[in-house]
Amino acid sequence: MRRFGPGLLVTAAFIGPGSIATASVAGANFGFVLLWALLFSLIATVVLQEMAARLGLVSSSGLAQALRTTFNHPTVNRAAVALVVAAIGIGNAAYEAGNISGAALGLQSITDLSAPVCAVVLGVIASVLLGSSGYKLLEPILIILVLIMSCVFVVTMIAIDVDYSGLVKGLLV
């Protein structure tokens, strides 16, 4: 568990309730037709993460520092940094909104609360946990949940009748 912990924790960050809800709806509505987009995003993520890791290893600096030292003109430098910060901020906000919305739908299904109320409650809980050292408690729980979720995905794939030719076609076409 110790060897896989960081990888499973990163997986927990990537695969949240919003991702599962969105993927489930897309799969139900479109079948395998959109799998090529999943394959493309997987390859793009691996390439970008590898490039960022190589940059860090070679230059002993992070992406932000590399951006600051790449452009000599101060205006271009500030514009590049502002663009990256905006992209990260907007992307993270959208991603977290999806996660909280997905979790709110799950909470709504087991309570009598409305989805907006559930979203506010979950947002407050997430803020408190992130603002305190609650993440230390969440870390092992998230790792265990990702392991369980992975096992459920594999068992579900084995249990249902998968059209493997449609799956391959959706990945490659």
# chains A, B, ... in the order shown; residues from 1 in each chain; ligands from 1
$ select_by_dssp --residues "stretch 99-138 of chain A" --states "alpha helix (DSSP H)" --output "number ranges by chain"
A: 99-110, 115-131, 135-138
$ residues_around --residues "stretch 57-74 of chain A" --least-positions-apart "4" --cutoff "12 Å" --atoms "only C-alpha atoms" --output "list of chain:residue names"
A:Leu48, A:Gln49, A:Glu50, A:Met51, A:Ala52, A:Ala53, A:Arg78, A:Ala79, A:Ala80, A:Val81, A:Ala82, A:Leu83, A:Val84, A:Val85, A:Ile88
$ residues_around --residues "A:Leu105" --least-positions-apart "5" --cutoff "9 Å" --atoms "only C-alpha atoms" --output "number ranges by chain"
A: 17, 21, 100, 114-115, 118-119
$ residues_around --residues "stretch 22-34 of chain A" --least-positions-apart "5" --cutoff "7 Å" --atoms "only C-alpha atoms" --output "ChimeraX atom specification"
/A:166-167,170
$ closest_residue --among "A:Ala86, A:Cys151, A:Leu122, A:Leu129" --to "A:Gly102" --atoms "only C-alpha atoms"
A:Leu122
